[in-house]
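Content type compact mmCIF, N, CA and C atoms, from the file protein25.txt:
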```txt
# COMPACT_ATOMS: atom_id res chain seq x y z
N MET A 117 -9.01 22.79 -10.96
CA MET A 117 -9.35 21.91 -9.86
C MET A 117 -8.62 22.35 -8.60
N ALA A 118 -9.33 22.47 -7.50
CA ALA A 118 -8.71 22.88 -6.25
C ALA A 118 -7.82 21.76 -5.72
N SER A 119 -6.73 22.16 -5.08
CA SER A 119 -5.83 21.15 -4.52
C SER A 119 -6.45 20.57 -3.25
N LYS A 120 -5.98 19.41 -2.89
CA LYS A 120 -6.48 18.73 -1.70
C LYS A 120 -6.09 19.49 -0.44
N LEU A 121 -6.97 19.46 0.54
CA LEU A 121 -6.67 20.03 1.85
C LEU A 121 -5.60 19.17 2.51
N ARG A 122 -4.54 19.82 2.95
CA ARG A 122 -3.45 19.13 3.64
C ARG A 122 -3.71 19.27 5.14
N LEU A 123 -4.09 18.17 5.77
CA LEU A 123 -4.61 18.19 7.13
C LEU A 123 -3.74 17.36 8.06
N ALA A 124 -3.46 17.91 9.24
CA ALA A 124 -2.74 17.17 10.27
C ALA A 124 -3.71 16.77 11.37
N LEU A 125 -3.64 15.52 11.81
CA LEU A 125 -4.47 15.00 12.89
C LEU A 125 -3.58 14.58 14.06
N ILE A 126 -3.94 15.07 15.25
CA ILE A 126 -3.20 14.77 16.47
C ILE A 126 -4.23 14.61 17.58
N ALA A 127 -4.00 13.69 18.50
CA ALA A 127 -4.89 13.56 19.66
C ALA A 127 -4.09 13.05 20.85
N HIS A 128 -4.26 13.69 21.97
CA HIS A 128 -3.68 13.18 23.21
C HIS A 128 -4.35 11.83 23.54
N ASP A 129 -3.71 11.04 24.37
CA ASP A 129 -4.18 9.68 24.65
C ASP A 129 -5.65 9.63 25.06
N GLU A 130 -6.07 10.51 25.95
CA GLU A 130 -7.45 10.49 26.44
C GLU A 130 -8.45 11.00 25.41
N LYS A 131 -7.96 11.49 24.27
CA LYS A 131 -8.84 12.03 23.22
C LYS A 131 -8.78 11.22 21.93
N LYS A 132 -8.01 10.14 21.93
CA LYS A 132 -7.88 9.35 20.70
C LYS A 132 -9.20 8.73 20.27
N ASP A 133 -10.02 8.26 21.21
CA ASP A 133 -11.32 7.72 20.84
C ASP A 133 -12.18 8.79 20.17
N ASP A 134 -12.09 10.02 20.67
CA ASP A 134 -12.83 11.13 20.06
C ASP A 134 -12.35 11.38 18.62
N MET A 135 -11.04 11.30 18.40
CA MET A 135 -10.51 11.51 17.06
C MET A 135 -10.97 10.41 16.12
N VAL A 136 -10.96 9.18 16.60
CA VAL A 136 -11.42 8.05 15.77
C VAL A 136 -12.89 8.25 15.40
N ALA A 137 -13.70 8.63 16.36
CA ALA A 137 -15.13 8.87 16.09
C ALA A 137 -15.31 10.02 15.11
N PHE A 138 -14.53 11.08 15.27
CA PHE A 138 -14.59 12.22 14.35
C PHE A 138 -14.21 11.78 12.93
N ALA A 139 -13.12 11.04 12.82
CA ALA A 139 -12.68 10.58 11.50
C ALA A 139 -13.72 9.69 10.85
N ALA A 140 -14.32 8.81 11.61
CA ALA A 140 -15.34 7.93 11.06
C ALA A 140 -16.56 8.72 10.61
N ALA A 141 -16.95 9.72 11.39
CA ALA A 141 -18.12 10.53 11.04
C ALA A 141 -17.88 11.40 9.81
N HIS A 142 -16.62 11.74 9.54
CA HIS A 142 -16.28 12.63 8.43
C HIS A 142 -15.40 11.94 7.39
N ALA A 143 -15.49 10.61 7.33
CA ALA A 143 -14.60 9.84 6.45
C ALA A 143 -14.74 10.24 4.98
N ASP A 144 -15.95 10.54 4.53
CA ASP A 144 -16.13 10.94 3.13
C ASP A 144 -15.35 12.20 2.81
N PHE A 145 -15.42 13.18 3.71
CA PHE A 145 -14.66 14.43 3.51
C PHE A 145 -13.16 14.16 3.62
N LEU A 146 -12.76 13.42 4.65
CA LEU A 146 -11.33 13.18 4.89
C LEU A 146 -10.70 12.37 3.76
N ALA A 147 -11.49 11.57 3.07
CA ALA A 147 -10.95 10.79 1.95
C ALA A 147 -10.40 11.69 0.84
N GLY A 148 -10.87 12.91 0.78
CA GLY A 148 -10.39 13.86 -0.22
C GLY A 148 -9.25 14.73 0.26
N CYS A 149 -8.71 14.44 1.44
CA CYS A 149 -7.64 15.24 2.03
C CYS A 149 -6.32 14.47 2.00
N ASP A 150 -5.23 15.23 1.99
CA ASP A 150 -3.91 14.66 2.24
C ASP A 150 -3.71 14.74 3.75
N ILE A 151 -3.67 13.60 4.42
CA ILE A 151 -3.64 13.56 5.88
C ILE A 151 -2.29 13.09 6.38
N VAL A 152 -1.76 13.82 7.35
CA VAL A 152 -0.63 13.36 8.15
C VAL A 152 -1.12 13.30 9.59
N ALA A 153 -0.55 12.40 10.35
CA ALA A 153 -0.95 12.25 11.74
C ALA A 153 0.23 11.78 12.57
N THR A 154 0.18 12.11 13.85
CA THR A 154 1.18 11.54 14.75
C THR A 154 0.92 10.03 14.83
N GLY A 155 1.93 9.29 15.24
CA GLY A 155 1.96 7.84 15.13
C GLY A 155 0.76 7.07 15.61
N THR A 156 0.46 7.13 16.89
CA THR A 156 -0.62 6.33 17.43
C THR A 156 -1.98 6.83 16.95
N THR A 157 -2.13 8.14 16.88
CA THR A 157 -3.39 8.70 16.37
C THR A 157 -3.62 8.21 14.94
N GLY A 158 -2.61 8.28 14.11
CA GLY A 158 -2.73 7.83 12.73
C GLY A 158 -3.07 6.35 12.65
N GLN A 159 -2.45 5.54 13.49
CA GLN A 159 -2.73 4.10 13.49
C GLN A 159 -4.17 3.83 13.88
N ARG A 160 -4.65 4.51 14.92
CA ARG A 160 -6.03 4.32 15.38
C ARG A 160 -7.04 4.75 14.30
N VAL A 161 -6.76 5.87 13.63
CA VAL A 161 -7.65 6.34 12.56
C VAL A 161 -7.64 5.33 11.41
N LEU A 162 -6.48 4.84 11.03
CA LEU A 162 -6.40 3.86 9.94
C LEU A 162 -7.14 2.56 10.27
N GLU A 163 -7.05 2.12 11.51
CA GLU A 163 -7.75 0.89 11.92
C GLU A 163 -9.26 1.07 11.79
N ALA A 164 -9.75 2.25 12.16
CA ALA A 164 -11.19 2.52 12.11
C ALA A 164 -11.67 2.89 10.71
N CYS A 165 -10.80 3.50 9.94
CA CYS A 165 -11.17 4.00 8.60
C CYS A 165 -10.11 3.59 7.59
N PRO A 166 -10.05 2.31 7.24
CA PRO A 166 -8.98 1.84 6.35
C PRO A 166 -9.02 2.45 4.95
N GLN A 167 -10.13 3.08 4.59
CA GLN A 167 -10.24 3.71 3.28
C GLN A 167 -9.47 5.04 3.20
N LEU A 168 -9.05 5.56 4.35
CA LEU A 168 -8.32 6.83 4.36
C LEU A 168 -6.84 6.59 4.12
N ALA A 169 -6.22 7.54 3.43
CA ALA A 169 -4.77 7.51 3.24
C ALA A 169 -4.17 8.45 4.29
N VAL A 170 -3.50 7.86 5.27
CA VAL A 170 -2.93 8.64 6.37
C VAL A 170 -1.43 8.36 6.42
N ARG A 171 -0.65 9.42 6.31
CA ARG A 171 0.80 9.28 6.46
C ARG A 171 1.12 9.46 7.94
N ARG A 172 1.62 8.40 8.56
CA ARG A 172 1.93 8.42 9.98
C ARG A 172 3.35 8.92 10.21
N LEU A 173 3.45 9.86 11.14
CA LEU A 173 4.75 10.36 11.57
C LEU A 173 5.09 9.69 12.90
N LYS A 174 6.07 10.19 13.59
CA LYS A 174 6.42 9.65 14.90
C LYS A 174 5.32 9.97 15.91
N SER A 175 5.32 9.25 17.01
CA SER A 175 4.43 9.56 18.12
C SER A 175 4.75 10.98 18.61
N GLY A 176 3.72 11.68 19.10
CA GLY A 176 3.92 13.06 19.57
C GLY A 176 5.11 13.24 20.50
N PRO A 177 5.19 12.47 21.60
CA PRO A 177 6.31 12.64 22.52
C PRO A 177 7.67 12.27 21.94
N LEU A 178 7.68 11.52 20.84
CA LEU A 178 8.94 11.11 20.21
C LEU A 178 9.31 11.97 19.02
N GLY A 179 8.62 13.10 18.86
CA GLY A 179 8.98 14.03 17.79
C GLY A 179 7.90 14.30 16.77
N GLY A 180 6.77 13.60 16.85
CA GLY A 180 5.71 13.79 15.87
C GLY A 180 5.13 15.20 15.85
N ASP A 181 4.96 15.79 17.05
CA ASP A 181 4.48 17.17 17.10
C ASP A 181 5.46 18.10 16.39
N GLN A 182 6.75 17.87 16.60
CA GLN A 182 7.76 18.70 15.95
C GLN A 182 7.79 18.46 14.45
N GLN A 183 7.56 17.22 14.01
CA GLN A 183 7.51 16.96 12.58
C GLN A 183 6.35 17.72 11.93
N ILE A 184 5.20 17.74 12.59
CA ILE A 184 4.07 18.50 12.05
C ILE A 184 4.38 19.99 12.08
N GLY A 185 5.05 20.46 13.12
CA GLY A 185 5.48 21.86 13.16
C GLY A 185 6.39 22.19 11.99
N ALA A 186 7.29 21.29 11.66
CA ALA A 186 8.18 21.51 10.51
C ALA A 186 7.39 21.58 9.21
N LEU A 187 6.37 20.73 9.07
CA LEU A 187 5.52 20.78 7.87
C LEU A 187 4.77 22.11 7.79
N ILE A 188 4.35 22.62 8.94
CA ILE A 188 3.70 23.94 8.95
C ILE A 188 4.68 24.99 8.47
N ALA A 189 5.90 24.97 8.98
CA ALA A 189 6.92 25.95 8.59
C ALA A 189 7.28 25.84 7.13
N GLU A 190 7.17 24.65 6.56
CA GLU A 190 7.43 24.44 5.13
C GLU A 190 6.20 24.74 4.27
N GLU A 191 5.14 25.22 4.92
CA GLU A 191 3.87 25.55 4.25
C GLU A 191 3.28 24.33 3.55
N ALA A 192 3.39 23.16 4.22
CA ALA A 192 2.87 21.91 3.68
C ALA A 192 1.63 21.41 4.44
N ILE A 193 1.10 22.25 5.32
CA ILE A 193 -0.10 21.93 6.09
C ILE A 193 -1.07 23.10 5.96
N ASP A 194 -2.34 22.79 5.69
CA ASP A 194 -3.37 23.83 5.58
C ASP A 194 -4.20 24.00 6.85
N ALA A 195 -4.33 22.93 7.64
CA ALA A 195 -5.12 22.98 8.86
C ALA A 195 -4.68 21.85 9.79
N VAL A 196 -4.89 22.08 11.09
CA VAL A 196 -4.54 21.10 12.11
C VAL A 196 -5.77 20.83 12.96
N ILE A 197 -6.05 19.55 13.17
CA ILE A 197 -7.06 19.16 14.15
C ILE A 197 -6.31 18.42 15.25
N PHE A 198 -6.30 19.00 16.43
CA PHE A 198 -5.52 18.50 17.56
C PHE A 198 -6.45 18.41 18.76
N PHE A 199 -6.91 17.21 19.06
CA PHE A 199 -7.78 17.02 20.22
C PHE A 199 -6.91 16.96 21.46
N VAL A 200 -6.94 18.06 22.20
CA VAL A 200 -6.08 18.26 23.37
C VAL A 200 -6.80 17.79 24.62
N ASP A 201 -6.07 17.13 25.49
CA ASP A 201 -6.58 16.76 26.82
C ASP A 201 -6.02 17.78 27.82
N PRO A 202 -6.83 18.75 28.24
CA PRO A 202 -6.32 19.79 29.13
C PRO A 202 -6.19 19.35 30.58
N LEU A 203 -6.65 18.15 30.91
CA LEU A 203 -6.69 17.71 32.31
C LEU A 203 -5.57 16.76 32.69
N THR A 204 -4.78 16.34 31.72
CA THR A 204 -3.68 15.42 31.99
C THR A 204 -2.36 16.11 31.69
N PRO A 205 -1.42 16.10 32.66
CA PRO A 205 -0.10 16.71 32.39
C PRO A 205 0.62 15.98 31.26
N MET A 206 1.27 16.74 30.40
CA MET A 206 1.99 16.18 29.26
C MET A 206 3.48 16.44 29.42
N PRO A 207 4.28 15.38 29.41
CA PRO A 207 5.73 15.60 29.55
C PRO A 207 6.33 16.34 28.36
N HIS A 208 5.66 16.30 27.21
CA HIS A 208 6.17 16.98 26.02
C HIS A 208 5.37 18.26 25.74
N ASP A 209 4.91 18.89 26.79
CA ASP A 209 4.09 20.11 26.66
C ASP A 209 4.82 21.20 25.88
N VAL A 210 6.14 21.28 26.01
CA VAL A 210 6.88 22.32 25.27
C VAL A 210 6.78 22.09 23.76
N ASP A 211 6.72 20.82 23.32
CA ASP A 211 6.56 20.52 21.90
C ASP A 211 5.19 20.96 21.42
N VAL A 212 4.17 20.73 22.25
CA VAL A 212 2.80 21.12 21.91
C VAL A 212 2.72 22.64 21.78
N LYS A 213 3.34 23.35 22.72
CA LYS A 213 3.34 24.82 22.66
C LYS A 213 4.06 25.32 21.42
N ALA A 214 5.15 24.68 21.05
CA ALA A 214 5.88 25.08 19.84
C ALA A 214 5.02 24.85 18.60
N LEU A 215 4.32 23.74 18.55
CA LEU A 215 3.43 23.46 17.43
C LEU A 215 2.34 24.52 17.33
N MET A 216 1.74 24.86 18.47
CA MET A 216 0.69 25.89 18.47
C MET A 216 1.25 27.24 18.04
N ARG A 217 2.44 27.55 18.49
CA ARG A 217 3.07 28.82 18.11
C ARG A 217 3.26 28.88 16.60
N LEU A 218 3.73 27.80 15.99
CA LEU A 218 3.93 27.78 14.54
C LEU A 218 2.60 27.92 13.79
N ALA A 219 1.56 27.28 14.29
CA ALA A 219 0.25 27.42 13.64
C ALA A 219 -0.21 28.87 13.69
N ILE A 220 0.06 29.55 14.78
CA ILE A 220 -0.31 30.96 14.90
C ILE A 220 0.54 31.81 13.96
N VAL A 221 1.85 31.60 13.97
CA VAL A 221 2.76 32.40 13.14
C VAL A 221 2.42 32.26 11.66
N TYR A 222 2.11 31.03 11.22
CA TYR A 222 1.82 30.78 9.80
C TYR A 222 0.34 30.88 9.47
N ASP A 223 -0.47 31.32 10.43
CA ASP A 223 -1.91 31.56 10.23
C ASP A 223 -2.63 30.30 9.73
N ILE A 224 -2.35 29.19 10.42
CA ILE A 224 -2.95 27.90 10.08
C ILE A 224 -4.12 27.65 11.03
N PRO A 225 -5.31 27.37 10.50
CA PRO A 225 -6.43 27.03 11.39
C PRO A 225 -6.07 25.81 12.23
N MET A 226 -6.36 25.91 13.54
CA MET A 226 -6.04 24.81 14.45
C MET A 226 -7.24 24.56 15.35
N ALA A 227 -7.89 23.44 15.11
CA ALA A 227 -9.04 23.04 15.93
C ALA A 227 -8.52 22.24 17.11
N LEU A 228 -8.92 22.63 18.31
CA LEU A 228 -8.42 21.97 19.52
C LEU A 228 -9.46 21.10 20.22
N ASN A 229 -10.67 21.06 19.67
CA ASN A 229 -11.71 20.21 20.25
C ASN A 229 -12.70 19.85 19.14
N LEU A 230 -13.68 19.02 19.50
CA LEU A 230 -14.64 18.54 18.51
C LEU A 230 -15.42 19.68 17.87
N ALA A 231 -15.85 20.65 18.66
CA ALA A 231 -16.66 21.75 18.13
C ALA A 231 -15.89 22.53 17.06
N THR A 232 -14.63 22.86 17.34
CA THR A 232 -13.87 23.63 16.35
C THR A 232 -13.46 22.76 15.17
N ALA A 233 -13.26 21.46 15.39
CA ALA A 233 -12.94 20.56 14.26
C ALA A 233 -14.10 20.52 13.28
N ARG A 234 -15.31 20.48 13.81
CA ARG A 234 -16.49 20.50 12.93
C ARG A 234 -16.54 21.79 12.13
N ILE A 235 -16.21 22.90 12.75
CA ILE A 235 -16.21 24.19 12.05
C ILE A 235 -15.19 24.18 10.92
N VAL A 236 -13.99 23.67 11.18
CA VAL A 236 -12.95 23.61 10.15
C VAL A 236 -13.42 22.76 8.98
N VAL A 237 -13.95 21.58 9.26
CA VAL A 237 -14.41 20.69 8.20
C VAL A 237 -15.56 21.31 7.43
N ASP A 238 -16.55 21.85 8.14
CA ASP A 238 -17.69 22.48 7.45
C ASP A 238 -17.25 23.65 6.59
N ASN A 239 -16.31 24.44 7.10
CA ASN A 239 -15.81 25.58 6.34
C ASN A 239 -15.10 25.12 5.07
N LYS A 240 -14.31 24.08 5.17
CA LYS A 240 -13.57 23.58 4.01
C LYS A 240 -14.50 22.90 3.00
N LYS A 241 -15.57 22.27 3.50
CA LYS A 241 -16.56 21.64 2.60
C LYS A 241 -17.27 22.70 1.77
N ASN A 242 -17.56 23.82 2.40
CA ASN A 242 -18.37 24.86 1.76
C ASN A 242 -17.57 25.96 1.08
N GLY A 243 -16.27 25.88 1.15
CA GLY A 243 -15.59 27.01 0.56
C GLY A 243 -14.20 26.73 0.20
```
Encoded form using structure tokens:
Amino acid sequence: MASKLRLALIAHDEKKDDMVAFAAAHADFLAGCDIVATGTTGQRVLEACPQLAVRRLKSGPLGGDQQIGALIAEEAIDAVIFFVDPLTPMPHDVDVKALMRLAIVYDIPMALNLATARIVVDNKKNG
């Protein structure tokens, strides 16, 4: 039996509605995943999809991005879906860059928008 996909979910404030819609649209698939999420994103996903098991970490600006980075370094994450808002300045941008750097170093698929998130999910469903 294949192990569950270990998936991290993150969304900037202006993209949280998009993440909730994505999670709702893919709830059947996500129900078979081990999900971790930054604090507010995880709470919003749980409110919309109470059937999902989501382990909430700290909010991104309070260390959640770094916690997910640590999980990547510990090889405890298989893929990241991070809906980034490129139009709003982020005070914790250095944390986001560090998270992206770790995903690259550890060769972890990282979807940064809806189109790439769909590709990650479809790829994992089919293979």
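Using all atoms listed in the file, the shortest contact distance between Ala214 of chain A and any of A:Gly179, A:Pro166, A:Pro202, A:Gly185 is found at A:Gly185.
Using all atoms listed in the file, the smallest distance between any of A:Asn242, A:Leu228, A:Leu218, A:Arg172 and Ile151 of chain A comes from A:Arg172.
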Any idea what the distance is between atom N of Thr157 of chain A and atom CA of Ala127 of chain A? 6.7 Å
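One distance worth recording is that between atom CA of Phe145 of chain A and atom CA of Lys241 of chain A, which is 7.5 Å.
The shell of residues at most 8 Å from Asn229 of chain A, with all atoms listed in the file counted and near chain neighbours (fewer than 2 positions) removed, consists of Ile197, Phe198, Phe199, Val200, Met226, Ala227, Ala231, Thr232, Ala233, Arg234 and Ile235 of chain A.
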Pick out each residue of chain A that DSSP on the backbone tags as alpha helix (DSSP H); I need them as a ChimeraX atom specification. /A:132-141,143-146,155-164,180-189,209-221,230-242
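Residues of segment 193-243 of chain A carrying a DSSP assignment of strand (DSSP E), computed from the backbone, are Ala195, Val196, Ile197, Phe198, Phe199, Met226 and Ala227 of chain A.
The coordinates place atom N of Ala124 of chain A at 9.7 Å from atom C of Arg171 of chain A.
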For Arg122 of chain A, find every residue with an atom within 6 Å (counting all atoms listed in the file), except residues of its own chain fewer than 2 positions away, and show them as a list of chain:residue names. A:Lys120, A:Ala124, A:Cys149, A:Asp150, A:Ile151, A:Ala192, A:Ile193, A:Asp194, A:Ala195
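Residue nearest Glu130 of chain A within the list A:Asp181, A:Asp144, A:Glu191, A:Asp201: A:Asp201 [criterion: smallest interatomic distance, all atoms listed in the file].
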